[in-house]
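Peer 1: Next up, my_file-v6.tsv (TSV, N, CA and C atoms).
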```
chain	number	residue	atom	x	y	z
A	1	MET	N	83.99	141.92	11.00
A	1	MET	CA	82.80	141.45	11.64
A	1	MET	C	83.01	141.49	13.15
A	2	THR	N	82.08	142.08	13.90
A	2	THR	CA	82.17	142.18	15.35
A	2	THR	C	81.53	140.98	15.99
A	3	ARG	N	82.25	140.36	16.92
A	3	ARG	CA	81.70	139.20	17.61
A	3	ARG	C	80.91	139.63	18.83
A	4	LYS	N	79.88	138.84	19.15
A	4	LYS	CA	79.07	139.09	20.33
A	4	LYS	C	79.84	138.63	21.56
A	5	SER	N	79.39	139.10	22.74
A	5	SER	CA	79.93	138.59	23.99
A	5	SER	C	79.56	137.12	24.09
A	6	PRO	N	80.45	136.25	24.61
A	6	PRO	CA	80.17	134.83	24.63
A	6	PRO	C	78.85	134.46	25.32
A	7	GLY	N	78.50	135.11	26.43
A	7	GLY	CA	77.27	134.72	27.12
A	7	GLY	C	77.34	133.29	27.62
A	8	HIS	N	76.18	132.74	27.87
A	8	HIS	CA	76.12	131.36	28.36
A	8	HIS	C	75.97	130.39	27.20
A	9	PRO	N	76.76	129.32	27.20
A	9	PRO	CA	76.62	128.34	26.13
A	9	PRO	C	75.33	127.52	26.28
A	10	THR	N	74.78	127.11	25.15
A	10	THR	CA	73.65	126.19	25.17
A	10	THR	C	74.16	124.82	25.59
A	11	ASP	N	73.25	123.88	25.79
A	11	ASP	CA	73.66	122.51	26.15
A	11	ASP	C	74.55	121.90	25.07
A	12	ALA	N	74.17	122.11	23.80
A	12	ALA	CA	74.97	121.56	22.70
A	12	ALA	C	76.35	122.21	22.66
A	13	GLU	N	76.40	123.52	22.86
A	13	GLU	CA	77.69	124.22	22.87
A	13	GLU	C	78.55	123.78	24.04
A	14	LEU	N	77.93	123.53	25.18
A	14	LEU	CA	78.67	123.07	26.35
A	14	LEU	C	79.27	121.69	26.11
A	15	ALA	N	78.54	120.82	25.44
A	15	ALA	CA	79.07	119.49	25.11
A	15	ALA	C	80.31	119.61	24.21
A	16	ILE	N	80.26	120.53	23.27
A	16	ILE	CA	81.41	120.75	22.37
A	16	ILE	C	82.57	121.37	23.15
A	17	LEU	N	82.28	122.34	24.01
A	17	LEU	CA	83.34	122.94	24.83
A	17	LEU	C	84.02	121.90	25.70
A	18	ARG	N	83.25	120.99	26.28
A	18	ARG	CA	83.86	119.93	27.12
A	18	ARG	C	84.88	119.13	26.32
A	19	ILE	N	84.55	118.82	25.09
A	19	ILE	CA	85.49	118.07	24.24
A	19	ILE	C	86.74	118.91	23.99
A	20	LEU	N	86.57	120.18	23.68
A	20	LEU	CA	87.73	121.04	23.42
A	20	LEU	C	88.56	121.24	24.68
A	21	TRP	N	87.93	121.36	25.86
A	21	TRP	CA	88.69	121.49	27.11
A	21	TRP	C	89.47	120.21	27.39
A	22	ASP	N	88.86	119.06	27.13
A	22	ASP	CA	89.50	117.78	27.44
A	22	ASP	C	90.59	117.39	26.43
A	23	HIS	N	90.37	117.74	25.15
A	23	HIS	CA	91.26	117.25	24.10
A	23	HIS	C	92.08	118.34	23.42
A	24	GLY	N	91.81	119.59	23.72
A	24	GLY	CA	92.52	120.67	23.04
A	24	GLY	C	91.93	120.92	21.66
A	25	ALA	N	92.69	121.56	20.81
A	25	ALA	CA	92.21	121.93	19.48
A	25	ALA	C	91.79	120.69	18.69
A	26	CYS	N	90.63	120.80	18.02
A	26	CYS	CA	90.08	119.69	17.24
A	26	CYS	C	89.44	120.21	15.96
A	27	THR	N	89.35	119.33	14.98
A	27	THR	CA	88.57	119.62	13.79
A	27	THR	C	87.10	119.31	14.10
A	28	VAL	N	86.21	119.75	13.23
A	28	VAL	CA	84.79	119.44	13.40
A	28	VAL	C	84.59	117.93	13.41
A	29	ARG	N	85.28	117.22	12.53
A	29	ARG	CA	85.16	115.76	12.46
A	29	ARG	C	85.56	115.12	13.80
A	30	GLN	N	86.65	115.58	14.39
A	30	GLN	CA	87.10	115.03	15.67
A	30	GLN	C	86.07	115.29	16.77
A	31	VAL	N	85.49	116.48	16.79
A	31	VAL	CA	84.45	116.80	17.77
A	31	VAL	C	83.24	115.91	17.53
A	32	HIS	N	82.82	115.82	16.28
A	32	HIS	CA	81.65	114.99	15.93
A	32	HIS	C	81.86	113.55	16.39
A	33	ASP	N	83.04	113.01	16.15
A	33	ASP	CA	83.32	111.62	16.51
A	33	ASP	C	83.35	111.40	18.03
A	34	ARG	N	83.62	112.46	18.79
A	34	ARG	CA	83.70	112.33	20.25
A	34	ARG	C	82.37	112.61	20.95
A	35	LEU	N	81.43	113.21	20.26
A	35	LEU	CA	80.12	113.49	20.85
A	35	LEU	C	79.35	112.20	21.03
A	36	THR	N	78.74	112.05	22.19
A	36	THR	CA	77.96	110.84	22.46
A	36	THR	C	76.59	111.22	23.03
A	37	PRO	N	75.76	111.88	22.24
A	37	PRO	CA	74.43	112.24	22.71
A	37	PRO	C	73.50	111.02	22.70
A	38	PRO	N	72.34	111.14	23.34
A	38	PRO	CA	71.39	110.03	23.32
A	38	PRO	C	70.94	109.69	21.89
A	39	GLN	N	70.79	110.71	21.05
A	39	GLN	CA	70.44	110.46	19.65
A	39	GLN	C	71.62	110.86	18.77
A	40	PRO	N	71.74	110.21	17.63
A	40	PRO	CA	72.83	110.59	16.72
A	40	PRO	C	72.69	112.06	16.30
A	41	ILE	N	73.82	112.71	16.14
A	41	ILE	CA	73.84	114.11	15.71
A	41	ILE	C	74.64	114.18	14.42
A	42	GLY	N	74.13	114.93	13.47
A	42	GLY	CA	74.77	115.00	12.16
A	42	GLY	C	76.02	115.87	12.16
A	43	TYR	N	76.91	115.55	11.25
A	43	TYR	CA	78.15	116.31	11.10
A	43	TYR	C	77.85	117.78	10.80
A	44	THR	N	76.89	118.03	9.91
A	44	THR	CA	76.59	119.41	9.54
A	44	THR	C	76.00	120.20	10.71
A	45	THR	N	75.30	119.51	11.61
A	45	THR	CA	74.77	120.17	12.81
A	45	THR	C	75.92	120.60	13.72
A	46	VAL	N	76.90	119.72	13.87
A	46	VAL	CA	78.08	120.06	14.68
A	46	VAL	C	78.84	121.21	14.03
A	47	LEU	N	79.01	121.15	12.72
A	47	LEU	CA	79.69	122.23	11.99
A	47	LEU	C	78.98	123.56	12.20
A	48	LYS	N	77.68	123.59	12.02
A	48	LYS	CA	76.92	124.84	12.17
A	48	LYS	C	77.01	125.35	13.61
A	49	THR	N	76.91	124.45	14.57
A	49	THR	CA	77.01	124.85	15.98
A	49	THR	C	78.37	125.47	16.26
A	50	MET	N	79.42	124.88	15.73
A	50	MET	CA	80.76	125.40	15.97
A	50	MET	C	80.96	126.74	15.25
A	51	GLN	N	80.33	126.93	14.10
A	51	GLN	CA	80.40	128.22	13.41
A	51	GLN	C	79.70	129.30	14.25
A	52	ILE	N	78.56	128.95	14.83
A	52	ILE	CA	77.85	129.88	15.71
A	52	ILE	C	78.69	130.19	16.93
A	53	MET	N	79.34	129.16	17.49
A	53	MET	CA	80.20	129.36	18.66
A	53	MET	C	81.35	130.30	18.33
A	54	PHE	N	81.87	130.20	17.11
A	54	PHE	CA	82.93	131.11	16.67
A	54	PHE	C	82.41	132.54	16.64
A	55	GLU	N	81.23	132.73	16.09
A	55	GLU	CA	80.63	134.07	16.02
A	55	GLU	C	80.37	134.63	17.41
A	56	LYS	N	80.01	133.77	18.36
A	56	LYS	CA	79.74	134.20	19.73
A	56	LYS	C	81.02	134.43	20.53
A	57	GLY	N	82.16	133.99	20.00
A	57	GLY	CA	83.43	134.16	20.72
A	57	GLY	C	83.72	133.04	21.71
A	58	LEU	N	82.97	131.94	21.63
A	58	LEU	CA	83.23	130.81	22.53
A	58	LEU	C	84.42	129.98	22.07
A	59	VAL	N	84.65	129.95	20.75
A	59	VAL	CA	85.78	129.21	20.20
A	59	VAL	C	86.52	130.10	19.20
A	60	ALA	N	87.75	129.74	18.94
A	60	ALA	CA	88.54	130.37	17.88
A	60	ALA	C	88.85	129.29	16.87
A	61	ARG	N	89.28	129.69	15.68
A	61	ARG	CA	89.60	128.67	14.68
A	61	ARG	C	90.77	129.10	13.82
A	62	ASP	N	91.48	128.10	13.36
A	62	ASP	CA	92.59	128.28	12.42
A	62	ASP	C	92.07	127.83	11.06
A	63	GLU	N	91.99	128.78	10.14
A	63	GLU	CA	91.44	128.49	8.81
A	63	GLU	C	92.54	128.24	7.78
A	64	SER	N	93.77	128.07	8.22
A	64	SER	CA	94.88	127.93	7.28
A	64	SER	C	94.93	126.55	6.62
A	65	ARG	N	94.20	125.59	7.14
A	65	ARG	CA	94.17	124.25	6.55
A	65	ARG	C	92.78	123.98	6.00
A	66	ARG	N	92.68	122.94	5.22
A	66	ARG	CA	91.38	122.57	4.65
A	66	ARG	C	90.39	122.26	5.76
A	67	ALA	N	90.79	121.43	6.72
A	67	ALA	CA	89.95	121.13	7.88
A	67	ALA	C	90.29	122.14	8.97
A	68	HIS	N	89.38	123.06	9.21
A	68	HIS	CA	89.62	124.11	10.21
A	68	HIS	C	89.81	123.49	11.59
A	69	LEU	N	90.69	124.08	12.35
A	69	LEU	CA	90.98	123.62	13.71
A	69	LEU	C	90.33	124.60	14.68
A	70	TYR	N	89.57	124.08	15.63
A	70	TYR	CA	88.86	124.90	16.62
A	70	TYR	C	89.41	124.64	18.01
A	71	TRP	N	89.41	125.68	18.86
A	71	TRP	CA	89.78	125.53	20.26
A	71	TRP	C	88.94	126.49	21.09
A	72	ALA	N	88.81	126.18	22.37
A	72	ALA	CA	87.98	126.99	23.26
A	72	ALA	C	88.62	128.34	23.50
A	73	GLN	N	87.80	129.39	23.47
A	73	GLN	CA	88.24	130.75	23.80
A	73	GLN	C	87.91	131.10	25.24
A	74	VAL	N	87.08	130.30	25.86
A	74	VAL	CA	86.71	130.50	27.26
A	74	VAL	C	87.16	129.28	28.04
A	75	THR	N	87.58	129.50	29.27
A	75	THR	CA	88.02	128.37	30.08
A	75	THR	C	86.81	127.69	30.72
A	76	GLU	N	87.04	126.49	31.16
A	76	GLU	CA	85.99	125.74	31.86
A	76	GLU	C	85.59	126.50	33.13
A	77	GLU	N	86.57	127.04	33.84
A	77	GLU	CA	86.30	127.77	35.07
A	77	GLU	C	85.47	129.03	34.80
A	78	GLN	N	85.83	129.79	33.76
A	78	GLN	CA	85.06	131.00	33.41
A	78	GLN	C	83.60	130.64	33.10
A	79	THR	N	83.42	129.57	32.35
A	79	THR	CA	82.08	129.14	31.96
A	79	THR	C	81.29	128.70	33.19
A	80	GLN	N	81.90	127.90	34.05
A	80	GLN	CA	81.22	127.44	35.26
A	80	GLN	C	80.85	128.62	36.15
A	81	GLN	N	81.77	129.56	36.32
A	81	GLN	CA	81.49	130.72	37.16
A	81	GLN	C	80.32	131.53	36.61
A	82	GLY	N	80.27	131.73	35.31
A	82	GLY	CA	79.18	132.47	34.71
A	82	GLY	C	77.84	131.77	34.89
A	83	LEU	N	77.83	130.45	34.69
A	83	LEU	CA	76.59	129.69	34.86
A	83	LEU	C	76.14	129.69	36.32
A	84	VAL	N	77.09	129.54	37.24
A	84	VAL	CA	76.75	129.54	38.67
A	84	VAL	C	76.24	130.91	39.10
A	85	ARG	N	76.90	131.98	38.64
A	85	ARG	CA	76.45	133.34	38.97
A	85	ARG	C	75.01	133.56	38.52
A	86	ASP	N	74.72	133.13	37.30
A	86	ASP	CA	73.38	133.29	36.75
A	86	ASP	C	72.36	132.48	37.56
A	87	LEU	N	72.68	131.23	37.85
A	87	LEU	CA	71.78	130.39	38.65
A	87	LEU	C	71.60	130.95	40.05
A	88	LEU	N	72.67	131.42	40.64
A	88	LEU	CA	72.63	132.00	41.98
A	88	LEU	C	71.64	133.16	42.03
A	89	GLU	N	71.72	134.05	41.06
A	89	GLU	CA	70.82	135.21	41.03
A	89	GLU	C	69.39	134.81	40.69
A	90	ARG	N	69.22	133.98	39.68
A	90	ARG	CA	67.88	133.65	39.20
A	90	ARG	C	67.11	132.74	40.15
A	91	ALA	N	67.76	131.74	40.70
A	91	ALA	CA	67.04	130.74	41.49
A	91	ALA	C	67.17	130.91	43.00
A	92	PHE	N	68.21	131.59	43.46
A	92	PHE	CA	68.46	131.67	44.90
A	92	PHE	C	68.55	133.10	45.41
A	93	SER	N	68.09	134.05	44.64
A	93	SER	CA	68.07	135.47	45.03
A	93	SER	C	69.42	135.94	45.55
A	94	GLY	N	70.49	135.40	45.01
A	94	GLY	CA	71.83	135.82	45.38
A	94	GLY	C	72.39	135.16	46.63
A	95	SER	N	71.66	134.22	47.22
A	95	SER	CA	72.12	133.58	48.46
A	95	SER	C	72.99	132.36	48.15
A	96	ALA	N	74.29	132.52	48.33
A	96	ALA	CA	75.22	131.42	48.11
A	96	ALA	C	74.98	130.30	49.11
A	97	ALA	N	74.62	130.66	50.34
A	97	ALA	CA	74.36	129.65	51.38
A	97	ALA	C	73.18	128.76	50.98
A	98	ARG	N	72.09	129.38	50.51
A	98	ARG	CA	70.92	128.59	50.11
A	98	ARG	C	71.26	127.69	48.92
A	99	MET	N	72.04	128.22	47.99
A	99	MET	CA	72.42	127.42	46.82
A	99	MET	C	73.30	126.25	47.23
A	100	ALA	N	74.28	126.49	48.10
A	100	ALA	CA	75.17	125.42	48.54
A	100	ALA	C	74.40	124.35	49.32
A	101	MET	N	73.50	124.78	50.20
A	101	MET	CA	72.72	123.81	50.98
A	101	MET	C	71.83	122.98	50.06
A	102	GLN	N	71.23	123.60	49.08
A	102	GLN	CA	70.38	122.86	48.13
A	102	GLN	C	71.22	121.87	47.32
A	103	ALA	N	72.38	122.32	46.87
A	103	ALA	CA	73.25	121.44	46.09
A	103	ALA	C	73.69	120.24	46.92
A	104	LEU	N	74.04	120.47	48.17
A	104	LEU	CA	74.51	119.37	49.02
A	104	LEU	C	73.38	118.44	49.45
A	105	SER	N	72.15	118.95	49.50
A	105	SER	CA	71.03	118.09	49.88
A	105	SER	C	70.48	117.32	48.67
A	106	THR	N	70.84	117.72	47.48
A	106	THR	CA	70.33	117.09	46.27
A	106	THR	C	71.10	115.82	45.92
A	107	ARG	N	72.40	115.82	46.17
A	107	ARG	CA	73.24	114.67	45.83
A	107	ARG	C	74.25	114.45	46.95
A	108	LYS	N	74.42	113.18	47.34
A	108	LYS	CA	75.36	112.86	48.42
A	108	LYS	C	76.79	113.20	47.99
A	109	ALA	N	77.47	113.98	48.82
A	109	ALA	CA	78.86	114.35	48.53
A	109	ALA	C	79.80	113.25	49.03
A	110	THR	N	80.91	113.07	48.32
A	110	THR	CA	81.92	112.10	48.77
A	110	THR	C	82.71	112.70	49.92
A	111	ARG	N	83.46	111.87	50.62
A	111	ARG	CA	84.32	112.36	51.70
A	111	ARG	C	85.31	113.41	51.17
A	112	GLU	N	85.85	113.14	49.98
A	112	GLU	CA	86.83	114.05	49.38
A	112	GLU	C	86.17	115.41	49.08
A	113	GLU	N	84.96	115.38	48.57
A	113	GLU	CA	84.26	116.63	48.28
A	113	GLU	C	83.96	117.41	49.56
A	114	ILE	N	83.55	116.70	50.60
A	114	ILE	CA	83.27	117.35	51.89
A	114	ILE	C	84.54	117.99	52.44
A	115	GLU	N	85.66	117.30	52.32
A	115	GLU	CA	86.93	117.86	52.78
A	115	GLU	C	87.31	119.10	51.98
A	116	GLN	N	87.10	119.07	50.67
A	116	GLN	CA	87.39	120.24	49.83
A	116	GLN	C	86.50	121.41	50.23
A	117	ILE	N	85.24	121.14	50.52
A	117	ILE	CA	84.32	122.18	50.94
A	117	ILE	C	84.76	122.77	52.28
A	118	ARG	N	85.17	121.90	53.21
A	118	ARG	CA	85.66	122.38	54.51
A	118	ARG	C	86.88	123.29	54.35
A	119	GLN	N	87.81	122.87	53.49
A	119	GLN	CA	89.00	123.68	53.27
A	119	GLN	C	88.64	125.03	52.68
A	120	LEU	N	87.72	125.05	51.73
A	120	LEU	CA	87.28	126.31	51.13
A	120	LEU	C	86.62	127.20	52.17
A	121	LEU	N	85.76	126.63	53.01
A	121	LEU	CA	85.09	127.40	54.05
A	121	LEU	C	86.11	127.94	55.07
A	122	ASP	N	87.10	127.13	55.41
A	122	ASP	CA	88.16	127.60	56.34
A	122	ASP	C	88.91	128.78	55.75
A	123	GLU	N	89.26	128.68	54.47
A	123	GLU	CA	89.97	129.79	53.80
A	123	GLU	C	89.11	131.04	53.76
A	124	MET	N	87.85	130.88	53.44
A	124	MET	CA	86.95	132.02	53.35
A	124	MET	C	86.73	132.65	54.74
A	125	SER	N	86.68	131.81	55.74
A	125	SER	CA	86.50	132.29	57.12
A	125	SER	C	87.71	133.12	57.56
A	126	LYS	N	88.91	132.66	57.22
A	126	LYS	CA	90.12	133.39	57.57
A	126	LYS	C	90.17	134.74	56.88
A	127	LYS	N	89.74	134.81	55.62
A	127	LYS	CA	89.75	136.05	54.86
A	127	LYS	C	88.71	137.04	55.41
A	128	ALA	N	87.63	136.53	55.99
A	128	ALA	CA	86.55	137.38	56.49
A	128	ALA	C	86.90	138.03	57.83
A	129	GLN	N	87.93	137.51	58.51
A	129	GLN	CA	88.29	138.04	59.83
A	129	GLN	C	89.05	139.32	59.75
```
Translate the structure of the given file into structure tokens.

Peer 2:
Amino acid sequence: MTRKSPGHPTDAELAILRILWDHGACTVRQVHDRLTPPQPIGYTTVLKTMQIMFEKGLVARDESRRAHLYWAQVTEEQTQQGLVRDLLERAFSGSAARMAMQALSTRKATREEIEQIRQLLDEMSKKAQ
């Protein structure tokens, strides 16, 4: 069976990926127990979502035990970069400056975040010279 390219995860898939990134390999039951959505979510819904994620290539699984073990096939950074690239193109016509300014004007940044941004801009400025 050929798997599809992972693409962008849905909100439900992203919630499951966050659990796998934070906790490592988990069974469906462990993921279900760690999910905290506004409304209760059924075990079979989590199972089906994780099966779809396997088909999409977002997760891998070990089927050697009765309770299959799942882990993320994509890193948090890869996923964030893909989502940001898509948002950058769709909403900001490819302008990283406009996207960064909008992001910074939407929510107050902490001193630590501002310092990290300055360091990143300094590094990028040095590379551009």

Peer 1: Give the strand (DSSP E or B) residues of segment 55-98 of chain A, as DSSP finds them on the backbone, and put them as a list in words.

Peer 2: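 DSSP-assigned strand (DSSP E or B) residues in segment 55-98 of chain A: Val59, Ala60, Arg61, Asp62, Leu69, Tyr70, Trp71 and Ala72 of chain A.
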
Peer 1: Take atom CA of Tyr43 of chain A and atom N of His68 of chain A and report the distance between them in Å, one decimal.

Peer 2: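 So the two atoms, atom CA of Tyr43 of chain A and atom N of His68 of chain A, lie 13.2 Å apart.
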
Peer 1: Have a look at atom CA of Leu58 of chain A and atom N of Gln73 of chain A and let me know their distance in Å, one decimal.

Peer 2: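 Result for atom CA of Leu58 of chain A versus atom N of Gln73 of chain A: 4.9 Å, one decimal.
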
Peer 1: Mind giving me the straight-line distance from atom CA of Leu83 of chain A to atom CA of Thr49 of chain A in Å, one decimal?

Peer 2: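 Separation between atom CA of Leu83 of chain A and atom CA of Thr49 of chain A: 19.5 Å.
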
Peer 1: Between A:Ile117, A:Arg34, A:Thr106, A:Glu13, which is the closest to Met53 of chain A once you count all atoms listed in the file?

Peer 2: A:Glu13

Peer 1: How big is the axis-aligned box around the listed atoms of segment 111-115 of chain A once 3 Å is added on each side, and where is its centre? Give both in Å to one decimal, as lines of an AutoDock Vina configuration file.

Peer 2:
```
center_x = 85.3
center_y = 115.5
center_z = 50.5
size_x = 10.0
size_y = 13.2
size_z = 10.5
```

Peer 1: Please return, as a PyMOL selection string, all residues of chain A that DSSP assigns to alpha helix (DSSP H) on the basis of the backbone.

Peer 2: chain A and resi 11-23+28-34+43-56+76-92+96-106+111-128

Peer 1: What lies within 10 Å of segment 84-95 of chain A using only C-alpha atoms, ignoring chain neighbours under 6 positions off, as a PDB file with N, CA and C atoms, keeping the file's coordinate frame?

Peer 2:
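Written file, part11.pdb:
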```pdb
ATOM      1  N   HIS A   8      76.180 132.740  27.870  1.00  0.00           N
ATOM      2  CA  HIS A   8      76.120 131.360  28.360  1.00  0.00           C
ATOM      3  C   HIS A   8      75.970 130.390  27.200  1.00  0.00           C
ATOM      4  N   GLN A  78      85.830 129.790  33.760  1.00  0.00           N
ATOM      5  CA  GLN A  78      85.060 131.000  33.410  1.00  0.00           C
ATOM      6  C   GLN A  78      83.600 130.640  33.100  1.00  0.00           C
ATOM      7  N   GLN A 102      71.230 123.600  49.080  1.00  0.00           N
ATOM      8  CA  GLN A 102      70.380 122.860  48.130  1.00  0.00           C
ATOM      9  C   GLN A 102      71.220 121.870  47.320  1.00  0.00           C
TER      10      GLN A 102
END
```

Peer 1: Have a look at A:Ala25, A:Ala12, A:Ala103, A:Arg118 and name the one nearest to Ile52 of chain A; count only C-alpha atoms.

Peer 2: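 The closest residue to Ile52 of chain A is A:Ala12.
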
Peer 1: With distances taken over all atoms listed in the file, which residue among A:Thr110, A:Lys127, A:Gln81, A:Trp71 lies nearest Thr27 of chain A?

Peer 2: A:Trp71

Peer 1: What lies within 6 Å of Leu69 of chain A using only N, CA and C atoms, ignoring chain neighbours under 5 positions off, as a PDB file with N, CA and C atoms, in the frame of the given file?

Peer 2:
```
ATOM      1  N   ALA A  25      92.690 121.560  20.810  1.00  0.00           N
ATOM      2  CA  ALA A  25      92.210 121.930  19.480  1.00  0.00           C
ATOM      3  C   ALA A  25      91.790 120.690  18.690  1.00  0.00           C
ATOM      4  N   CYS A  26      90.630 120.800  18.020  1.00  0.00           N
ATOM      5  CA  CYS A  26      90.080 119.690  17.240  1.00  0.00           C
ATOM      6  C   CYS A  26      89.440 120.210  15.960  1.00  0.00           C
ATOM      7  N   THR A  27      89.350 119.330  14.980  1.00  0.00           N
ATOM      8  CA  THR A  27      88.570 119.620  13.790  1.00  0.00           C
ATOM      9  C   THR A  27      87.100 119.310  14.100  1.00  0.00           C
ATOM     10  N   ALA A  60      87.750 129.740  18.940  1.00  0.00           N
ATOM     11  CA  ALA A  60      88.540 130.370  17.880  1.00  0.00           C
ATOM     12  C   ALA A  60      88.850 129.290  16.870  1.00  0.00           C
ATOM     13  N   ARG A  61      89.280 129.690  15.680  1.00  0.00           N
ATOM     14  CA  ARG A  61      89.600 128.670  14.680  1.00  0.00           C
ATOM     15  C   ARG A  61      90.770 129.100  13.820  1.00  0.00           C
ATOM     16  N   ASP A  62      91.480 128.100  13.360  1.00  0.00           N
ATOM     17  CA  ASP A  62      92.590 128.280  12.420  1.00  0.00           C
ATOM     18  C   ASP A  62      92.070 127.830  11.060  1.00  0.00           C
ATOM     19  N   GLU A  63      91.990 128.780  10.140  1.00  0.00           N
ATOM     20  CA  GLU A  63      91.440 128.490   8.810  1.00  0.00           C
ATOM     21  C   GLU A  63      92.540 128.240   7.780  1.00  0.00           C
TER      22      GLU A  63
END
```

Peer 1: Restricting the calculation to only C-alpha atoms, which member of A:Thr10, A:Thr45, A:Gln119, A:Gln51 is positioned closest to Tyr70 of chain A?

Peer 2: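 Among the listed residues, the smallest separation from Tyr70 of chain A belongs to A:Gln51.
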